[in-house]
>>> print(open('final.pdb').read())   # PDB, C-alpha atoms, pLDDT in the B column
ATOM      1  CA  GLY A   1      48.584  99.648 154.511  1.00 91.00           C
ATOM      2  CA  MET A   2      51.905  99.960 152.702  1.00 95.00           C
ATOM      3  CA  MET A   3      50.780  97.626 149.919  1.00 94.00           C
ATOM      4  CA  ALA A   4      47.551  99.598 149.470  1.00 94.00           C
ATOM      5  CA  ALA A   5      49.499 102.873 149.392  1.00 95.00           C
ATOM      6  CA  VAL A   6      51.903 101.497 146.792  1.00 96.00           C
ATOM      7  CA  ARG A   7      49.076 100.238 144.598  1.00 95.00           C
ATOM      8  CA  ALA A   8      47.172 103.517 144.792  1.00 96.00           C
ATOM      9  CA  ALA A   9      50.343 105.412 143.865  1.00 96.00           C
ATOM     10  CA  GLN A  10      50.952 103.033 140.944  1.00 95.00           C
ATOM     11  CA  GLU A  11      47.463 103.916 139.720  1.00 95.00           C
ATOM     12  CA  GLY A  12      48.360 107.616 139.753  1.00 95.00           C
ATOM     13  CA  ALA A  13      46.774 108.698 143.034  1.00 95.00           C
ATOM     14  CA  SER A  14      48.390 111.224 145.307  1.00 95.00           C
ATOM     15  CA  VAL A  15      48.732 109.174 148.501  1.00 96.00           C
ATOM     16  CA  LEU A  16      49.060 110.142 152.138  1.00 96.00           C
ATOM     17  CA  LEU A  17      49.777 107.237 154.486  1.00 95.00           C
ATOM     18  CA  PHE A  18      49.105 107.605 158.202  1.00 94.00           C
ATOM     19  CA  GLU A  19      51.152 105.306 160.435  1.00 92.00           C
ATOM     20  CA  ARG A  20      50.374 105.134 164.117  1.00 89.00           C
ATOM     21  CA  ASN A  21      53.866 103.916 164.995  1.00 89.00           C
ATOM     22  CA  GLU A  22      57.040 105.959 164.656  1.00 90.00           C
ATOM     23  CA  LYS A  23      58.169 103.849 161.707  1.00 90.00           C
ATOM     24  CA  LEU A  24      56.535 101.686 159.074  1.00 92.00           C
ATOM     25  CA  GLY A  25      56.324  97.920 159.261  1.00 90.00           C
ATOM     26  CA  LYS A  26      56.262  97.221 162.998  1.00 86.00           C
ATOM     27  CA  LYS A  27      53.691  94.477 162.534  1.00 85.00           C
ATOM     28  CA  ILE A  28      55.793  92.823 159.842  1.00 90.00           C
ATOM     29  CA  TYR A  29      58.684  92.306 162.266  1.00 88.00           C
ATOM     30  CA  ILE A  30      56.700  89.765 164.289  1.00 84.00           C
ATOM     31  CA  THR A  31      55.220  87.740 161.437  1.00 85.00           C
ATOM     32  CA  GLY A  32      56.418  84.198 160.914  1.00 85.00           C
ATOM     33  CA  LYS A  33      58.360  84.283 164.215  1.00 89.00           C
ATOM     34  CA  GLY A  34      60.476  87.145 162.918  1.00 92.00           C
ATOM     35  CA  ARG A  35      61.013  85.548 159.512  1.00 95.00           C
ATOM     36  CA  CYS A  36      57.901  86.986 157.759  1.00 95.00           C
ATOM     37  CA  ASN A  37      55.773  84.268 156.241  1.00 93.00           C
ATOM     38  CA  MET A  38      54.819  86.287 153.132  1.00 94.00           C
ATOM     39  CA  THR A  39      52.445  83.857 151.417  1.00 93.00           C
ATOM     40  CA  ASN A  40      52.349  80.255 150.284  1.00 92.00           C
ATOM     41  CA  MET A  41      52.310  78.521 146.939  1.00 94.00           C
ATOM     42  CA  LYS A  42      49.225  76.370 147.482  1.00 91.00           C
ATOM     43  CA  PRO A  43      46.418  76.670 144.945  1.00 90.00           C
ATOM     44  CA  TRP A  44      43.342  78.628 146.065  1.00 89.00           C
ATOM     45  CA  SER A  45      41.292  75.433 146.405  1.00 86.00           C
ATOM     46  CA  GLU A  46      43.637  74.178 149.148  1.00 88.00           C
ATOM     47  CA  PHE A  47      44.574  77.483 150.724  1.00 85.00           C
ATOM     48  CA  SER A  48      41.049  78.899 151.032  1.00 86.00           C
ATOM     49  CA  GLN A  49      40.053  76.266 153.572  1.00 84.00           C
ATOM     50  CA  HIS A  50      42.449  77.856 156.077  1.00 81.00           C
ATOM     51  CA  VAL A  51      41.684  81.527 155.459  1.00 77.00           C
ATOM     52  CA  HIS A  52      38.199  82.468 156.577  1.00 72.00           C
ATOM     53  CA  PRO A  53      34.949  80.677 157.382  1.00 77.00           C
ATOM     54  CA  VAL A  54      33.403  82.308 154.312  1.00 80.00           C
ATOM     55  CA  ALA A  55      36.382  82.021 151.959  1.00 83.00           C
ATOM     56  CA  ALA A  56      34.312  82.920 148.901  1.00 86.00           C
ATOM     57  CA  PHE A  57      34.216  86.495 150.216  1.00 86.00           C
ATOM     58  CA  LEU A  58      38.003  86.769 149.809  1.00 85.00           C
ATOM     59  CA  ARG A  59      38.312  84.850 146.551  1.00 88.00           C
ATOM     60  CA  PRO A  60      38.229  87.913 144.228  1.00 92.00           C
ATOM     61  CA  ALA A  61      41.047  89.558 146.187  1.00 88.00           C
ATOM     62  CA  PHE A  62      43.235  86.472 145.979  1.00 88.00           C
ATOM     63  CA  TYR A  63      42.586  86.066 142.263  1.00 90.00           C
ATOM     64  CA  SER A  64      43.318  89.735 141.514  1.00 93.00           C
ATOM     65  CA  PHE A  65      46.637  89.607 143.404  1.00 93.00           C
ATOM     66  CA  SER A  66      47.682  85.980 143.684  1.00 93.00           C
ATOM     67  CA  ASN A  67      50.419  84.292 145.657  1.00 94.00           C
ATOM     68  CA  GLU A  68      52.518  84.298 142.469  1.00 95.00           C
ATOM     69  CA  ASP A  69      51.925  88.055 142.141  1.00 96.00           C
ATOM     70  CA  THR A  70      53.040  88.482 145.752  1.00 96.00           C
ATOM     71  CA  VAL A  71      56.309  86.645 145.134  1.00 97.00           C
ATOM     72  CA  GLU A  72      56.923  88.607 141.928  1.00 97.00           C
ATOM     73  CA  PHE A  73      56.252  91.910 143.686  1.00 97.00           C
ATOM     74  CA  PHE A  74      58.680  91.243 146.525  1.00 98.00           C
ATOM     75  CA  ASN A  75      61.347  89.991 144.150  1.00 98.00           C
ATOM     76  CA  SER A  76      60.919  93.194 142.119  1.00 97.00           C
ATOM     77  CA  ILE A  77      61.565  95.417 145.147  1.00 97.00           C
ATOM     78  CA  GLY A  78      64.707  93.540 146.113  1.00 97.00           C
ATOM     79  CA  VAL A  79      63.441  90.822 148.425  1.00 98.00           C
ATOM     80  CA  PRO A  80      64.437  87.417 147.046  1.00 98.00           C
ATOM     81  CA  THR A  81      62.138  84.693 148.322  1.00 98.00           C
ATOM     82  CA  ALA A  82      62.462  81.056 149.292  1.00 97.00           C
ATOM     83  CA  VAL A  83      59.911  78.243 149.385  1.00 96.00           C
ATOM     84  CA  THR A  84      60.015  76.278 152.637  1.00 94.00           C
ATOM     85  CA  GLN A  85      58.270  73.240 154.055  1.00 89.00           C
ATOM     86  CA  GLY A  86      54.539  73.371 153.464  1.00 88.00           C
ATOM     87  CA  ASP A  87      54.989  75.559 150.375  1.00 93.00           C
ATOM     88  CA  ARG A  88      55.349  78.660 152.555  1.00 94.00           C
ATOM     89  CA  ILE A  89      57.175  81.695 151.149  1.00 96.00           C
ATOM     90  CA  PHE A  90      59.690  83.598 153.278  1.00 97.00           C
ATOM     91  CA  PRO A  91      62.367  86.131 152.403  1.00 98.00           C
ATOM     92  CA  GLU A  92      65.507  84.261 151.405  1.00 98.00           C
ATOM     93  CA  SER A  93      67.306  85.903 154.342  1.00 98.00           C
ATOM     94  CA  MET A  94      64.607  84.629 156.753  1.00 97.00           C
ATOM     95  CA  LYS A  95      64.489  88.144 158.235  1.00 97.00           C
ATOM     96  CA  ALA A  96      61.202  90.016 158.508  1.00 97.00           C
ATOM     97  CA  SER A  97      63.219  93.215 158.836  1.00 96.00           C
ATOM     98  CA  ASP A  98      64.336  92.865 155.200  1.00 97.00           C
ATOM     99  CA  VAL A  99      60.696  92.799 154.076  1.00 97.00           C
ATOM    100  CA  SER A 100      59.754  95.759 156.239  1.00 96.00           C
ATOM    101  CA  ARG A 101      62.704  97.865 155.064  1.00 96.00           C
ATOM    102  CA  ALA A 102      62.114  97.036 151.392  1.00 97.00           C
ATOM    103  CA  LEU A 103      58.409  97.912 151.628  1.00 97.00           C
ATOM    104  CA  ALA A 104      59.106 101.172 153.474  1.00 96.00           C
ATOM    105  CA  SER A 105      61.712 102.094 150.880  1.00 97.00           C
ATOM    106  CA  HIS A 106      59.320 101.272 148.037  1.00 97.00           C
ATOM    107  CA  VAL A 107      56.613 103.417 149.628  1.00 97.00           C
ATOM    108  CA  GLY A 108      59.053 106.329 149.483  1.00 96.00           C
ATOM    109  CA  ASP A 109      60.155 105.490 145.946  1.00 97.00           C
ATOM    110  CA  MET A 110      56.510 105.614 144.837  1.00 97.00           C
ATOM    111  CA  GLY A 111      56.151 109.163 146.158  1.00 96.00           C
ATOM    112  CA  VAL A 112      53.784 108.269 148.974  1.00 96.00           C
ATOM    113  CA  ASN A 113      53.596 111.008 151.597  1.00 96.00           C
ATOM    114  CA  LEU A 114      53.955 109.633 155.109  1.00 96.00           C
ATOM    115  CA  ILE A 115      52.897 110.862 158.529  1.00 94.00           C
ATOM    116  CA  THR A 116      54.215 108.680 161.337  1.00 93.00           C
ATOM    117  CA  GLY A 117      53.135 108.840 164.957  1.00 93.00           C
ATOM    118  CA  ALA A 118      49.647 109.719 163.729  1.00 93.00           C
ATOM    119  CA  ASP A 119      46.514 108.709 165.578  1.00 91.00           C
ATOM    120  CA  VAL A 120      43.569 108.862 163.211  1.00 92.00           C
ATOM    121  CA  LEU A 121      40.631 110.245 165.167  1.00 92.00           C
ATOM    122  CA  GLY A 122      37.939 109.759 162.552  1.00 91.00           C
ATOM    123  CA  VAL A 123      36.900 109.741 158.920  1.00 94.00           C
ATOM    124  CA  ILE A 124      33.705 111.365 157.695  1.00 92.00           C
ATOM    125  CA  ARG A 125      32.108 111.909 154.324  1.00 91.00           C
ATOM    126  CA  ASP A 126      31.605 115.556 153.423  1.00 93.00           C
ATOM    127  CA  GLY A 127      29.828 115.764 150.079  1.00 93.00           C
ATOM    128  CA  ASP A 128      32.103 114.145 147.496  1.00 94.00           C
ATOM    129  CA  SER A 129      35.105 114.270 149.825  1.00 94.00           C
ATOM    130  CA  MET A 130      36.407 112.320 152.776  1.00 94.00           C
ATOM    131  CA  VAL A 131      37.791 114.197 155.766  1.00 95.00           C
ATOM    132  CA  THR A 132      40.301 112.401 157.957  1.00 95.00           C
ATOM    133  CA  SER A 133      41.080 113.975 161.311  1.00 95.00           C
ATOM    134  CA  TYR A 134      44.228 113.008 163.166  1.00 95.00           C
ATOM    135  CA  ILE A 135      46.686 114.070 165.818  1.00 95.00           C
ATOM    136  CA  GLN A 136      50.410 113.573 165.529  1.00 93.00           C
ATOM    137  CA  SER A 137      52.560 112.481 168.477  1.00 90.00           C
ATOM    138  CA  GLY A 138      53.632 115.511 170.488  1.00 87.00           C
ATOM    139  CA  ALA A 139      51.151 117.857 168.822  1.00 88.00           C
ATOM    140  CA  ASP A 140      48.777 119.950 170.896  1.00 90.00           C
ATOM    141  CA  ASN A 141      46.061 120.213 168.272  1.00 93.00           C
ATOM    142  CA  GLY A 142      44.447 117.804 165.868  1.00 94.00           C
ATOM    143  CA  MET A 143      44.528 118.343 162.131  1.00 96.00           C
ATOM    144  CA  SER A 144      42.478 117.165 159.190  1.00 96.00           C
ATOM    145  CA  VAL A 145      43.006 116.392 155.532  1.00 96.00           C
ATOM    146  CA  ARG A 146      40.464 116.231 152.737  1.00 96.00           C
ATOM    147  CA  SER A 147      40.690 113.518 150.077  1.00 95.00           C
ATOM    148  CA  GLU A 148      38.712 111.813 147.350  1.00 93.00           C
ATOM    149  CA  ALA A 149      39.044 108.378 148.934  1.00 93.00           C
ATOM    150  CA  VAL A 150      40.268 106.602 152.053  1.00 93.00           C
ATOM    151  CA  ILE A 151      41.624 103.091 152.431  1.00 91.00           C
ATOM    152  CA  VAL A 152      41.351 101.705 155.940  1.00 87.00           C
ATOM    153  CA  ALA A 153      44.143  99.174 156.499  1.00 85.00           C
ATOM    154  CA  THR A 154      44.318  98.147 160.099  1.00 78.00           C
ATOM    155  CA  GLY A 155      46.093  95.367 161.906  1.00 67.00           C
ATOM    156  CA  GLY A 156      44.186  92.769 163.858  1.00 66.00           C
ATOM    157  CA  LEU A 157      43.729  92.937 167.587  1.00 67.00           C
ATOM    158  CA  SER A 158      45.973  89.999 168.450  1.00 66.00           C
ATOM    159  CA  TYR A 159      49.059  92.160 169.144  1.00 66.00           C
ATOM    160  CA  PRO A 160      48.010  95.521 170.617  1.00 67.00           C
ATOM    161  CA  THR A 161      51.671  96.397 171.294  1.00 70.00           C
ATOM    162  CA  THR A 162      52.112  96.873 167.532  1.00 71.00           C
ATOM    163  CA  GLY A 163      49.661  99.776 167.596  1.00 68.00           C
ATOM    164  CA  SER A 164      46.505  97.889 166.618  1.00 73.00           C
ATOM    165  CA  THR A 165      43.567  99.215 168.596  1.00 75.00           C
ATOM    166  CA  GLY A 166      40.645  98.052 166.486  1.00 75.00           C
ATOM    167  CA  PHE A 167      39.694 101.635 165.666  1.00 81.00           C
ATOM    168  CA  GLY A 168      39.992 100.921 161.951  1.00 81.00           C
ATOM    169  CA  TYR A 169      37.151  98.435 162.321  1.00 82.00           C
ATOM    170  CA  GLU A 170      35.012 101.178 163.861  1.00 85.00           C
ATOM    171  CA  ILE A 171      35.762 103.492 160.929  1.00 85.00           C
ATOM    172  CA  ALA A 172      34.855 100.802 158.389  1.00 83.00           C
ATOM    173  CA  ARG A 173      31.704  99.881 160.354  1.00 85.00           C
ATOM    174  CA  SER A 174      30.567 103.519 160.386  1.00 83.00           C
ATOM    175  CA  PHE A 175      30.556 103.545 156.584  1.00 80.00           C
ATOM    176  CA  LEU A 176      28.775 100.200 156.353  1.00 77.00           C
ATOM    177  CA  GLN A 177      25.915 101.558 158.438  1.00 68.00           C
ATOM    178  CA  GLY A 178      25.110 103.962 155.608  1.00 59.00           C
ATOM    179  CA  CYS A 179      24.868 101.106 153.072  1.00 58.00           C
ATOM    180  CA  SER A 180      21.854  98.919 152.565  1.00 46.00           C
TER     181      SER A 180
END
>>> encode(input="final.pdb", output="structure tokens")
Amino acid sequence: GMMAAVRAAQEGASVLLFERNEKLGKKIYITGKGRCNMTNMKPWSEFSQHVHPVAAFLRPAFYSFSNEDTVEFFNSIGVPTAVTQGDRIFPESMKASDVSRALASHVGDMGVNLITGADVLGVIRDGDSMVTSYIQSGADNGMSVRSEAVIVATGGLSYPTTGSTGFGYEIARSFLQGCS
């Protein structure tokens, strides 16, 4: 979600990022056993075999923002990287917290507006707009915001304690039902 928000802001969009947790990057803290395995340096032909049963689906995304681009990005926001056994890339410090803090700081530097403790209740299309309804922790009433576009970036279901509920999949699925 943070990477998508940063990219949209770089492209000139006014960005509002909803975070279910009280702070950004909770899921990052547990990646790579707390060290944050950021990417690897294997070529696509080797790496793709371990990504998804239908790797061709993801190929355009990996070619438009490669593993080299990932390393360059993190270096540019103050996270030096190190190559470890198996060509895996970690922060030089081997601390996922450094990655999380740098990304959260960069989100702010890019002018992204942030609402933490926000449970997104739904996203609907209303003419040419998208309407996202949400409720913030401690609030009595839900709110909504209108936008030109929505990016759904949701964590997997493997660690529900990080705030991943699978609801993002439901939102994405609801929009796919309208496509043929």
>>> resolve_selection(input="final.pdb", expression="the PyMOL selection byres ((chain A and resi 172) around 10)", output="MDAnalysis selection string")
chainID A and resid 123 151:154 167:171 173:177
>>> residues_around(input="final.pdb", residues="range 68-83 of chain A", least_positions_apart="3", cutoff="7 Å", atoms="all atoms listed in the file", output="ChimeraX atom specification")
/A:65,87-92,99,102,106
>>> resolve_selection(input="final.pdb", expression="the PyMOL selection byres ((chain A and resi 5-7) around 9)", output="list in words")
Gly1, Met2, Met3, Ala4, Ala8, Ala9, Gln10, Glu11, Gly12, Ala13, Val15, Leu16, Leu17, Leu103, His106, Val107, Met110, Gly111, Val112 and Ile151 of chain A
>>> write_last_selection(input="final.pdb", atoms="C-alpha atoms", output="tab-separated table (two decimals), in the frame of the given file")
chain	number	residue	atom	x	y	z
A	1	GLY	CA	48.58	99.65	154.51
A	2	MET	CA	51.90	99.96	152.70
A	3	MET	CA	50.78	97.63	149.92
A	4	ALA	CA	47.55	99.60	149.47
A	8	ALA	CA	47.17	103.52	144.79
A	9	ALA	CA	50.34	105.41	143.86
A	10	GLN	CA	50.95	103.03	140.94
A	11	GLU	CA	47.46	103.92	139.72
A	12	GLY	CA	48.36	107.62	139.75
A	13	ALA	CA	46.77	108.70	143.03
A	15	VAL	CA	48.73	109.17	148.50
A	16	LEU	CA	49.06	110.14	152.14
A	17	LEU	CA	49.78	107.24	154.49
A	103	LEU	CA	58.41	97.91	151.63
A	106	HIS	CA	59.32	101.27	148.04
A	107	VAL	CA	56.61	103.42	149.63
A	110	MET	CA	56.51	105.61	144.84
A	111	GLY	CA	56.15	109.16	146.16
A	112	VAL	CA	53.78	108.27	148.97
A	151	ILE	CA	41.62	103.09	152.43
>>> atom_distance(input="final.pdb", atom1="CA of Ser137 in chain A", atom2="CA of Thr116 in chain A")
8.3 Å
>>> resolve_selection(input="final.pdb", expression="the PyMOL selection byres ((chain A and resi 128) around 10)", output="ChimeraX atom specification")
/A:125-127,129-130,147-149
>>> residues_around(input="final.pdb", residues="Thr161 in chain A", least_positions_apart="6", cutoff="12 Å", atoms="only C-alpha atoms", output="ChimeraX atom specification")
/A:20-21,26-27,30,155
>>> axis_aligned_box(input="final.pdb", around="range 109-120 of chain A", padding_each_side="8 Å", output="lines of an AutoDock Vina configuration file")
center_x = 51.9
center_y = 108.2
center_z = 155.2
size_x = 32.6
size_y = 21.5
size_z = 36.7
>>> atom_distance(input="final.pdb", atom1="CA of Ala61 in chain A", atom2="CA of Trp44 in chain A")
11.2 Å
>>> closest_residue(input="final.pdb", among="A:Ala118, A:Gln85, A:Ala55, A:Lys42", to="Met143 in chain A", atoms="all atoms listed in the file")
A:Ala118
>>> atom_distance(input="final.pdb", atom1="CA of Thr39 in chain A", atom2="CA of Arg59 in chain A")
15.0 Å
>>> build_atoms(input="final.pdb", residues="range 112-145 of chain A", atoms="N, CA and C atoms", output="CSV table (one decimal), keeping the file's coordinate frame")
chain,number,residue,atom,x,y,z
A,112,VAL,N,54.8,108.2,148.0
A,112,VAL,CA,53.8,108.3,149.0
A,112,VAL,C,54.2,109.2,150.1
A,113,ASN,N,53.3,110.1,150.5
A,113,ASN,CA,53.6,111.0,151.6
A,113,ASN,C,53.3,110.2,152.9
A,114,LEU,N,54.1,110.4,153.9
A,114,LEU,CA,54.0,109.6,155.1
A,114,LEU,C,53.9,110.5,156.3
A,115,ILE,N,53.0,110.2,157.2
A,115,ILE,CA,52.9,110.9,158.5
A,115,ILE,C,53.0,109.7,159.6
A,116,THR,N,54.1,109.7,160.3
A,116,THR,CA,54.2,108.7,161.3
A,116,THR,C,53.8,109.3,162.7
A,117,GLY,N,53.6,108.4,163.6
A,117,GLY,CA,53.1,108.8,165.0
A,117,GLY,C,51.8,109.5,164.9
A,118,ALA,N,50.9,109.1,164.0
A,118,ALA,CA,49.6,109.7,163.7
A,118,ALA,C,48.5,108.8,164.2
A,119,ASP,N,47.7,109.4,165.1
A,119,ASP,CA,46.5,108.7,165.6
A,119,ASP,C,45.4,109.3,164.8
A,120,VAL,N,44.7,108.4,164.0
A,120,VAL,CA,43.6,108.9,163.2
A,120,VAL,C,42.4,108.9,164.2
A,121,LEU,N,41.7,110.0,164.2
A,121,LEU,CA,40.6,110.2,165.2
A,121,LEU,C,39.3,109.9,164.5
A,122,GLY,N,39.2,110.1,163.2
A,122,GLY,CA,37.9,109.8,162.6
A,122,GLY,C,38.0,110.1,161.1
A,123,VAL,N,37.1,109.5,160.4
A,123,VAL,CA,36.9,109.7,158.9
A,123,VAL,C,35.4,110.0,158.7
A,124,ILE,N,35.1,111.1,158.0
A,124,ILE,CA,33.7,111.4,157.7
A,124,ILE,C,33.6,111.7,156.2
A,125,ARG,N,32.4,111.5,155.7
A,125,ARG,CA,32.1,111.9,154.3
A,125,ARG,C,31.6,113.3,154.4
A,126,ASP,N,32.1,114.2,153.5
A,126,ASP,CA,31.6,115.6,153.4
A,126,ASP,C,31.4,115.8,151.9
A,127,GLY,N,30.1,115.6,151.5
A,127,GLY,CA,29.8,115.8,150.1
A,127,GLY,C,30.6,114.7,149.3
A,128,ASP,N,31.3,115.1,148.3
A,128,ASP,CA,32.1,114.1,147.5
A,128,ASP,C,33.5,113.9,148.1
A,129,SER,N,33.8,114.4,149.2
A,129,SER,CA,35.1,114.3,149.8
A,129,SER,C,35.0,113.4,151.1
A,130,MET,N,36.2,113.0,151.5
A,130,MET,CA,36.4,112.3,152.8
A,130,MET,C,37.3,113.2,153.6
A,131,VAL,N,37.0,113.4,154.9
A,131,VAL,CA,37.8,114.2,155.8
A,131,VAL,C,38.3,113.3,156.9
A,132,THR,N,39.6,113.2,156.9
A,132,THR,CA,40.3,112.4,158.0
A,132,THR,C,40.9,113.3,159.0
A,133,SER,N,40.5,113.2,160.2
A,133,SER,CA,41.1,114.0,161.3
A,133,SER,C,42.1,113.1,162.1
A,134,TYR,N,43.2,113.7,162.5
A,134,TYR,CA,44.2,113.0,163.2
A,134,TYR,C,45.0,113.9,164.1
A,135,ILE,N,45.8,113.3,165.0
A,135,ILE,CA,46.7,114.1,165.8
A,135,ILE,C,48.0,113.4,165.8
A,136,GLN,N,49.1,114.1,165.6
A,136,GLN,CA,50.4,113.6,165.5
A,136,GLN,C,51.1,113.6,166.9
A,137,SER,N,51.9,112.6,167.2
A,137,SER,CA,52.6,112.5,168.5
A,137,SER,C,53.2,113.8,168.8
A,138,GLY,N,53.0,114.3,170.0
A,138,GLY,CA,53.6,115.5,170.5
A,138,GLY,C,52.9,116.8,170.1
A,139,ALA,N,51.9,116.7,169.3
A,139,ALA,CA,51.2,117.9,168.8
A,139,ALA,C,50.1,118.2,169.9
A,140,ASP,N,49.8,119.5,170.0
A,140,ASP,CA,48.8,120.0,170.9
A,140,ASP,C,47.4,119.9,170.3
A,141,ASN,N,47.3,120.1,169.0
A,141,ASN,CA,46.1,120.2,168.3
A,141,ASN,C,45.9,119.1,167.2
A,142,GLY,N,44.7,118.7,167.0
A,142,GLY,CA,44.4,117.8,165.9
A,142,GLY,C,44.4,118.5,164.5
A,143,MET,N,44.6,117.8,163.5
A,143,MET,CA,44.5,118.3,162.1
A,143,MET,C,43.6,117.5,161.3
A,144,SER,N,43.3,118.0,160.1
A,144,SER,CA,42.5,117.2,159.2
A,144,SER,C,43.0,117.3,157.8
A,145,VAL,N,42.6,116.4,156.9
A,145,VAL,CA,43.0,116.4,155.5
A,145,VAL,C,41.8,115.9,154.7
